[in-house]
Each structure stands twice: as C-alpha cells, then as structure tokens.
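One file, query-v2.txt, is given below (compact mmCIF, C-alpha atoms).
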```txt
# COMPACT_ATOMS: atom_id res chain seq x y z
CA MET A 1 117.26 69.42 -7.29
CA ARG A 2 117.82 65.69 -7.40
CA VAL A 3 119.92 64.38 -10.24
CA GLU A 4 117.19 61.99 -11.32
CA ASP A 5 114.71 64.91 -11.54
CA PHE A 6 117.08 66.94 -13.69
CA ASP A 7 117.64 63.95 -15.96
CA LEU A 8 113.88 63.45 -16.24
CA PHE A 9 113.25 67.06 -17.27
CA ALA A 10 116.19 67.04 -19.69
CA LYS A 11 115.02 63.84 -21.38
CA PHE A 12 111.43 65.07 -21.61
CA VAL A 13 112.39 68.45 -23.10
CA TYR A 14 114.68 66.77 -25.62
CA GLN A 15 111.99 64.33 -26.74
CA ARG A 16 109.36 67.04 -27.07
CA SER A 17 111.38 69.87 -28.61
CA GLY A 18 114.89 68.69 -29.51
CA LEU A 19 116.35 71.15 -26.99
CA VAL A 20 119.51 69.84 -25.33
CA LEU A 21 119.57 70.77 -21.65
CA THR A 22 123.05 70.32 -20.18
CA LYS A 23 123.98 70.35 -16.49
CA GLU A 24 125.32 73.92 -16.70
CA LYS A 25 121.88 75.04 -17.88
CA ALA A 26 120.16 73.58 -14.83
CA TYR A 27 119.42 77.13 -13.64
CA LEU A 28 116.86 77.36 -16.45
CA LEU A 29 114.75 74.76 -14.72
CA ASP A 30 114.38 76.96 -11.64
CA SER A 31 113.69 80.15 -13.56
CA ARG A 32 111.30 78.66 -16.12
CA LEU A 33 109.65 75.72 -14.41
CA MET A 34 108.98 77.11 -10.92
CA PRO A 35 106.22 79.37 -12.34
CA VAL A 36 104.73 76.25 -13.93
CA ALA A 37 104.96 74.38 -10.63
CA ARG A 38 103.20 77.22 -8.77
CA ARG A 39 100.50 77.47 -11.46
CA TRP A 40 99.76 73.77 -10.97
CA ASN A 41 99.89 74.04 -7.17
CA PHE A 42 103.11 72.06 -6.71
CA LYS A 43 105.36 73.22 -3.89
CA ASP A 44 108.63 72.59 -5.77
CA LEU A 45 110.22 71.04 -8.84
CA GLY A 46 110.36 67.68 -7.11
CA GLU A 47 106.57 67.50 -7.05
CA LEU A 48 106.44 68.73 -10.65
CA ALA A 49 108.86 65.95 -11.63
CA ASN A 50 106.63 63.37 -9.95
CA ALA A 51 103.65 64.67 -11.91
CA LEU A 52 105.70 64.49 -15.09
CA ARG A 53 106.52 60.84 -14.41
CA SER A 54 102.84 59.97 -14.54
CA LYS A 55 102.41 61.85 -17.87
CA SER A 56 98.67 61.80 -17.28
CA ASP A 57 97.88 65.43 -18.09
CA GLU A 58 98.73 66.66 -21.59
CA ALA A 59 98.05 70.26 -20.58
CA LEU A 60 100.79 70.02 -17.93
CA LEU A 61 103.21 68.45 -20.40
CA ALA A 62 102.50 71.26 -22.87
CA ASP A 63 103.08 73.88 -20.15
CA ILE A 64 106.47 72.38 -19.30
CA THR A 65 107.44 72.28 -22.97
CA ASP A 66 106.34 75.88 -23.58
CA ALA A 67 108.22 77.14 -20.53
CA MET A 68 111.49 75.57 -21.69
CA THR A 69 111.26 76.92 -25.24
CA THR A 70 113.46 79.93 -25.92
CA ASN A 71 111.35 82.81 -27.26
CA GLU A 72 113.78 85.69 -27.72
CA SER A 73 113.09 87.81 -30.80
CA SER A 74 112.79 91.37 -32.09
CA PHE A 75 111.71 93.25 -35.18
CA PHE A 76 114.36 93.17 -37.94
CA ARG A 77 116.62 91.18 -35.64
CA ASP A 78 120.29 91.64 -36.64
CA GLN A 79 119.09 93.73 -39.63
CA LYS A 80 121.48 92.14 -42.17
CA PRO A 81 119.20 89.17 -42.99
CA PHE A 82 116.38 91.57 -43.83
CA ASP A 83 118.66 93.72 -45.99
CA GLN A 84 119.59 90.52 -47.83
CA PHE A 85 115.92 89.65 -48.21
CA ARG A 86 115.17 93.01 -49.80
CA GLN A 87 118.32 93.39 -51.91
CA VAL A 88 119.35 89.82 -52.82
CA VAL A 89 116.68 87.20 -52.18
CA LEU A 90 113.51 88.98 -53.25
CA PRO A 91 114.89 90.25 -56.60
CA ARG A 92 116.16 86.74 -57.31
CA PHE A 93 112.71 85.22 -56.87
CA LEU A 94 110.90 88.02 -58.66
CA GLN A 95 112.85 86.90 -61.70
CA ALA A 96 112.72 83.15 -61.07
CA ARG A 97 108.97 83.10 -60.32
CA ALA A 98 107.91 85.67 -62.93
CA ALA A 99 105.80 83.09 -64.76
CA THR A 100 103.79 81.88 -61.75
CA ARG A 101 103.91 85.04 -59.62
CA ARG A 102 103.72 82.91 -56.49
CA LEU A 103 106.06 82.84 -53.51
CA ARG A 104 105.86 80.93 -50.21
CA ILE A 105 107.90 81.89 -47.17
CA TRP A 106 108.23 79.98 -43.90
CA SER A 107 109.24 81.61 -40.62
CA ALA A 108 110.12 78.58 -38.48
CA ALA A 109 110.19 79.07 -34.69
CA CYS A 110 108.64 82.50 -35.19
CA SER A 111 108.30 83.24 -31.46
CA ASN A 112 106.20 86.37 -30.81
CA GLY A 113 105.83 87.11 -34.52
CA GLN A 114 108.35 89.90 -35.01
CA GLU A 115 110.20 88.06 -37.79
CA PRO A 116 107.22 87.30 -40.05
CA TYR A 117 105.76 90.76 -39.45
CA SER A 118 109.11 92.29 -40.42
CA LEU A 119 108.98 90.33 -43.69
CA ALA A 120 105.39 91.41 -44.28
CA MET A 121 106.33 95.06 -43.85
CA ILE A 122 109.20 94.73 -46.33
CA LEU A 123 106.89 93.07 -48.85
CA ASP A 124 104.43 95.91 -48.37
CA GLU A 125 107.14 98.42 -49.23
CA GLU A 126 108.14 96.41 -52.31
CA ALA A 127 104.55 95.80 -53.45
CA SER A 128 104.84 98.07 -56.50
CA LYS A 129 107.39 95.61 -57.94
CA MET A 130 105.01 92.66 -57.50
CA PRO A 131 101.64 93.49 -59.10
CA GLY A 132 99.43 90.42 -59.28
CA TRP A 133 101.69 88.31 -57.08
CA THR A 134 100.42 85.84 -54.47
CA ILE A 135 102.79 85.72 -51.50
CA GLU A 136 102.12 83.50 -48.50
CA ILE A 137 103.97 83.75 -45.20
CA VAL A 138 103.56 80.77 -42.89
CA ALA A 139 104.84 81.29 -39.34
CA THR A 140 105.14 78.39 -36.92
CA ASP A 141 106.26 77.78 -33.37
CA LEU A 142 106.06 74.95 -30.87
CA CYS A 143 104.90 77.22 -28.06
CA ARG A 144 101.17 77.96 -27.97
CA GLU A 145 101.56 81.01 -25.74
CA VAL A 146 103.89 82.92 -28.04
CA LEU A 147 101.78 82.00 -31.05
CA GLU A 148 98.74 83.58 -29.41
CA LYS A 149 100.72 86.75 -28.82
CA ALA A 150 101.93 86.71 -32.41
CA LYS A 151 98.37 86.39 -33.69
CA GLN A 152 97.27 89.32 -31.53
CA GLY A 153 100.08 91.50 -32.87
CA LEU A 154 100.17 93.58 -29.68
CA TYR A 155 103.60 94.74 -28.52
CA THR A 156 105.09 96.80 -25.71
CA GLN A 157 106.93 100.08 -26.17
CA PHE A 158 110.18 98.23 -25.48
CA GLU A 159 109.45 95.64 -28.18
CA VAL A 160 108.67 98.17 -30.90
CA GLN A 161 111.77 100.17 -30.01
CA ARG A 162 114.01 97.17 -30.72
CA GLY A 163 114.88 97.44 -34.40
CA LEU A 164 111.58 98.75 -35.78
CA PRO A 165 112.04 101.90 -37.90
CA ILE A 166 109.88 104.80 -36.76
CA THR A 167 108.38 105.12 -40.25
CA MET A 168 107.09 101.54 -40.07
CA LEU A 169 105.81 102.04 -36.54
CA VAL A 170 103.78 105.04 -37.63
CA LYS A 171 102.50 103.35 -40.80
CA HIS A 172 101.61 99.90 -39.51
CA PHE A 173 100.86 100.29 -35.79
CA THR A 174 98.24 101.99 -33.64
CA GLN A 175 98.97 102.91 -30.04
CA ILE A 176 96.56 101.38 -27.55
CA GLY A 177 97.32 102.57 -24.04
CA ASP A 178 100.95 101.70 -23.36
CA LYS A 179 101.12 99.11 -26.17
CA TRP A 180 101.19 99.08 -29.97
CA GLN A 181 98.81 97.10 -32.18
CA ILE A 182 99.95 96.04 -35.65
CA SER A 183 97.45 96.66 -38.43
CA LYS A 184 94.88 94.11 -39.58
CA GLN A 185 96.44 94.37 -43.03
CA MET A 186 99.78 93.03 -41.76
CA GLN A 187 98.08 90.38 -39.63
CA GLY A 188 96.20 89.18 -42.69
CA LYS A 189 99.43 88.51 -44.56
CA ILE A 190 100.58 85.78 -42.17
CA LYS A 191 99.25 82.32 -41.36
CA PHE A 192 100.27 81.32 -37.83
CA GLN A 193 100.14 77.70 -36.72
CA GLN A 194 101.62 75.46 -34.06
CA PHE A 195 104.28 73.10 -35.35
CA ASN A 196 107.10 70.99 -33.93
CA LEU A 197 110.24 70.96 -36.09
CA LEU A 198 110.87 67.36 -35.04
CA GLU A 199 107.70 66.22 -36.78
CA PRO A 200 107.28 65.38 -40.50
CA MET A 201 106.98 68.60 -42.50
CA THR A 202 105.09 67.31 -45.54
CA ALA A 203 101.76 68.82 -44.50
CA LEU A 204 103.26 72.32 -44.53
CA GLY A 205 103.82 72.16 -48.28
CA GLN A 206 106.68 73.58 -50.36
CA PHE A 207 108.51 76.81 -49.52
CA ASP A 208 110.76 78.98 -51.68
CA ILE A 209 112.34 80.76 -48.71
CA VAL A 210 112.74 79.43 -45.16
CA PHE A 211 113.84 81.43 -42.12
CA CYS A 212 115.10 79.06 -39.43
CA ARG A 213 117.33 81.45 -37.52
CA ASN A 214 118.82 80.87 -34.07
CA VAL A 215 117.05 77.54 -33.66
CA LEU A 216 119.68 74.92 -34.49
CA ILE A 217 122.05 76.20 -31.80
CA TYR A 218 119.86 74.45 -29.21
CA PHE A 219 119.96 71.05 -30.96
CA ASP A 220 122.49 68.24 -30.98
CA PRO A 221 124.12 67.31 -34.34
CA ALA A 222 121.70 64.49 -35.13
CA THR A 223 118.67 66.71 -34.52
CA LYS A 224 120.20 69.55 -36.55
CA ALA A 225 120.66 67.18 -39.49
CA LYS A 226 117.12 65.84 -39.15
CA VAL A 227 115.59 69.32 -39.15
CA LEU A 228 117.71 70.62 -42.03
CA GLU A 229 117.04 67.57 -44.18
CA GLY A 230 113.33 67.84 -43.44
CA ILE A 231 113.36 71.49 -44.52
CA GLY A 232 115.31 70.57 -47.64
CA ARG A 233 112.59 68.14 -48.71
CA GLN A 234 110.07 70.99 -48.56
CA MET A 235 112.03 73.29 -50.87
CA PRO A 236 112.59 73.46 -54.65
CA PRO A 237 116.13 73.20 -56.06
CA ASP A 238 116.50 77.00 -56.10
CA GLY A 239 115.14 77.50 -52.58
CA ILE A 240 116.98 79.66 -50.06
CA LEU A 241 117.43 78.96 -46.34
CA TYR A 242 118.29 81.50 -43.65
CA LEU A 243 120.19 80.41 -40.54
CA GLY A 244 121.46 82.45 -37.58
CA GLY A 245 124.91 83.99 -37.51
CA ALA A 246 126.26 81.28 -35.18
CA GLU A 247 124.76 78.42 -37.21
CA THR A 248 125.99 76.49 -40.24
CA VAL A 249 125.23 73.45 -42.35
CA LEU A 250 128.89 72.58 -42.78
CA GLY A 251 129.72 69.26 -41.15
CA VAL A 252 126.02 68.72 -40.40
CA THR A 253 124.27 67.89 -43.68
CA GLN A 254 124.62 67.99 -47.46
CA ALA A 255 121.02 69.19 -47.83
CA PHE A 256 122.23 72.80 -48.15
CA LYS A 257 125.35 74.67 -49.21
CA PRO A 258 126.48 78.20 -48.27
CA MET A 259 125.58 80.90 -50.78
CA ASP A 260 128.70 82.60 -52.12
CA GLY A 261 129.25 86.02 -50.59
CA GLN A 262 126.08 85.97 -48.46
CA ARG A 263 126.66 85.10 -44.81
CA GLY A 264 123.76 83.24 -43.24
CA LEU A 265 122.16 82.29 -46.58
CA TYR A 266 122.15 78.72 -47.87
CA VAL A 267 121.04 77.18 -51.15
CA HIS A 268 119.56 73.76 -51.71
CA GLY A 269 122.23 71.06 -51.94
CA SER A 270 120.80 69.86 -55.26
CA ALA A 271 121.57 73.28 -56.73
CA ALA A 272 125.31 72.82 -56.25
CA SER A 273 125.75 70.75 -59.39
CA THR A 274 124.10 73.44 -61.49
CA SER A 275 125.57 76.41 -59.65
CA ALA A 276 127.32 77.71 -62.73
CA ALA A 277 123.92 78.69 -64.07
CA VAL A 278 122.65 80.08 -60.76
CA PRO A 279 124.18 83.41 -59.69
CA GLY A 280 125.40 83.55 -56.10
CA VAL A 281 125.74 79.80 -55.52
CA THR A 282 129.02 78.28 -54.42
CA PRO A 283 129.92 74.90 -56.04
CA ALA A 284 130.04 72.03 -53.59
CA ALA A 285 133.80 71.54 -54.02
CA THR A 286 134.51 75.10 -52.89
CA ALA A 287 131.75 75.60 -50.33
CA VAL A 288 133.95 75.14 -47.25
CA ARG A 289 135.85 78.31 -46.39
```

Taking this structure as input, can you express it in the form of structure tokens?
Amino acid sequence: MRVEDFDLFAKFVYQRSGLVLTKEKAYLLDSRLMPVARRWNFKDLGELANALRSKSDEALLADITDAMTTNESSFFRDQKPFDQFRQVVLPRFLQARAATRRLRIWSAACSNGQEPYSLAMILDEEASKMPGWTIEIVATDLCREVLEKAKQGLYTQFEVQRGLPITMLVKHFTQIGDKWQISKQMQGKIKFQQFNLLEPMTALGQFDIVFCRNVLIYFDPATKAKVLEGIGRQMPPDGILYLGGAETVLGVTQAFKPMDGQRGLYVHGSAASTSAAVPGVTPAATAVR
C-alpha cells in the first residue's frame, strides 16, 4: 500500500471516529477494508483510496468507517463491572433516587448489544427491589451494522457461551436453529440508536450511570479528554462512569475522579469537593494512587 493511501485512510478514520491508526496497525486496513473494496467492486485498496478522495458517496464513507470500528464484546464481559453494578452502584442509586424512582443508563459504544442486555438481565433479577421505578437504558454505537444486530438480539452458540450464565440463557433466550434469540421483554428495555462520541451529546439527555468501557484506548489524549468532558456534562454530580480496565481519567481530565476502592468506577469531578458526604468517593487531593 502506498504511504499516501495509508495516510488518507488514517486521517479519514480519525476524523470520523476518533480512532488513531498507527503504522504498526496497517494490517487492519487489509483485513477490514479489502471486503469493503470487493463489495464496491474495487480491485484493491488503491482504488478504494481514490474513491475516498472524491468523498462523493456517503454510503461508501459509512462502510469504511463501520469496517474500521472495533466491535469486540461479550455478555458480562470481565464480570467484575457487572458485580459492581449489582452490589455497589445499583444500591447506591436506589437510595439516592428513592424520591423520583427514575434511573437512566447509557451504554456507549455498545457493539452487538451484549453489554446493555447484560444490564437489562441484572435489572430484571433485581426488579423486586424497584417497584414503581422507571429505568431507561440507552445503547449507542457508531457502526450501523452492529446496531442492527443488537436490535435483533440474535446470537450464535459461541456468543451466548461467552460469559452468559446458563440460568439467564434458559430464562431470557429461545433457540432458533443454531442461534439464540433474546426475549422481546429484554429487547423492550433498551433504546438503541446510532451516535458518534465525537459529536455533541446534549440531545442524548442526562444519565446517572454511563458505561464507556474499552473505547478510550483507541483515542489520542485530546480526543479522550473531549469525550470524557462531554460525558461529564451529561451527568449529575453523583453520576458514575465505567471505564475499561486499561483506561483511566488520571492525567487526561478533571471531569471525573476514581471511586475509592472500586477499580474501573469513576465519580463526577464536581463530587470531589463534597466527597466526605458521599460514601465511596475519593477526595481530589488523594485520588492519584
């Protein structure tokens, strides 16, 4: 591949998604964009690059963007964050929102939908503790293709075997041929929509809990800060943010601070000054470990 073609793809992907494509990741272009080139009847990536230069077909641009978006996920991925949700986060908000009985959760970069469906299944199990509550789960992703799969809620045997407890499989899924269909009840608990994390987030509304796991690792520092600060503006002072195990806010932004004793959980930066009255929040002066 010509250097100028690689640079073109890298710049385009960065502008559209925030994904930083370095030279050592050039192999991704072959593995992910050659299927796009063939689908559009281009003989190689050079012809695809020439088509990209004209930027005349939005459908082609969207296909290139979708192909370069990482979509790895699984039910109850890494397990610990979901244990925290059940044992730490949910009880906290059941108390804090007792008056309104309303809770909004955002699964950002939700991929094929396993994360929001995992949350919906936990909430179903905890429903007896939340009579009369209104809980909304909004799940977004940049990629149209994975969003369509998420909406369908149809998964392979391999996908349901990755982290999904057998009791939940039996309760919430129906086998259709060699695949598994999640119930209409679970599908009805989630609002899926296409959204680019680089865009203004105001239209999404306010969220009490945001899952943005394993997304920031693909961004440069400036983009990480932009995304985190945008999320922070959509959360109340006692909101809680989830990041992936290899991600942090430290040295990136003051919008959030690590929650004391809870790896991967972050509290709103504005809560730091009142942390003495909020259990589980580390004061700003002692947040760095």

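Minimum distance to Gln187 in chain A across A:Tyr27, A:Phe82, A:Phe173, A:Phe76 (counting all atoms listed in the file) occurs at A:Phe173.
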
Asn196 in chain A environment, 8 Å, all atoms listed in the file, sequence neighbours closer than 2 positions dropped, as a PDB file with C-alpha atoms, keeping the file's coordinate frame:
```pdb
ATOM      1  CA  SER A  17     111.380  69.870 -28.610  1.00  0.00           C
ATOM      2  CA  ASP A 141     106.260  77.780 -33.370  1.00  0.00           C
ATOM      3  CA  LEU A 142     106.060  74.950 -30.870  1.00  0.00           C
ATOM      4  CA  GLN A 194     101.620  75.460 -34.060  1.00  0.00           C
ATOM      5  CA  LEU A 198     110.870  67.360 -35.040  1.00  0.00           C
ATOM      6  CA  GLU A 199     107.700  66.220 -36.780  1.00  0.00           C
TER       7      GLU A 199
END
```

Of A:Leu241, A:Ala37, A:Ile209, A:Met201, the one nearest to Arg102 in chain A when counting all atoms listed in the file is A:Ile209

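You will find CA of Leu103 in chain A at 15.6 Å from CA of Met121 in chain A.
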
List every residue of range 36-109 of chain A that has an atom at most 10 Å from any atom of range 152-163 of chain A, and for each one report the closest atom pair and its distance in Å to one decimal, counting all atoms listed in the file, with rows sorted by chain and then by increasing residue number, as a tab-separated table.
```
residue	atom	partner	partner_atom	distance
A:Ser73	CA	A:Glu159	CA	9.0
A:Ser74	CA	A:Arg162	CA	6.1
A:Phe75	CA	A:Gly163	CA	5.3
A:Phe76	CA	A:Gly163	CA	5.6
A:Arg77	CA	A:Gly163	CA	6.6
A:Asp78	CA	A:Gly163	CA	8.2
A:Gln79	CA	A:Gly163	CA	7.7
```

Let me see the file: selected residues, C-alpha atoms, as an mmCIF file, in the coordinates of the input.
```cif
data_model
loop_
_atom_site.group_PDB
_atom_site.id
_atom_site.type_symbol
_atom_site.label_atom_id
_atom_site.label_comp_id
_atom_site.auth_asym_id
_atom_site.auth_seq_id
_atom_site.Cartn_x
_atom_site.Cartn_y
_atom_site.Cartn_z
ATOM 1 C CA SER A 73 113.090 87.810 -30.800
ATOM 2 C CA SER A 74 112.790 91.370 -32.090
ATOM 3 C CA PHE A 75 111.710 93.250 -35.180
ATOM 4 C CA PHE A 76 114.360 93.170 -37.940
ATOM 5 C CA ARG A 77 116.620 91.180 -35.640
ATOM 6 C CA ASP A 78 120.290 91.640 -36.640
ATOM 7 C CA GLN A 79 119.090 93.730 -39.630
#
```

Pick from A:Gln15, A:Gln206, A:Ser111, A:Ser270: nearest to Asp238 in chain A, with only C-alpha atoms counted? A:Ser270
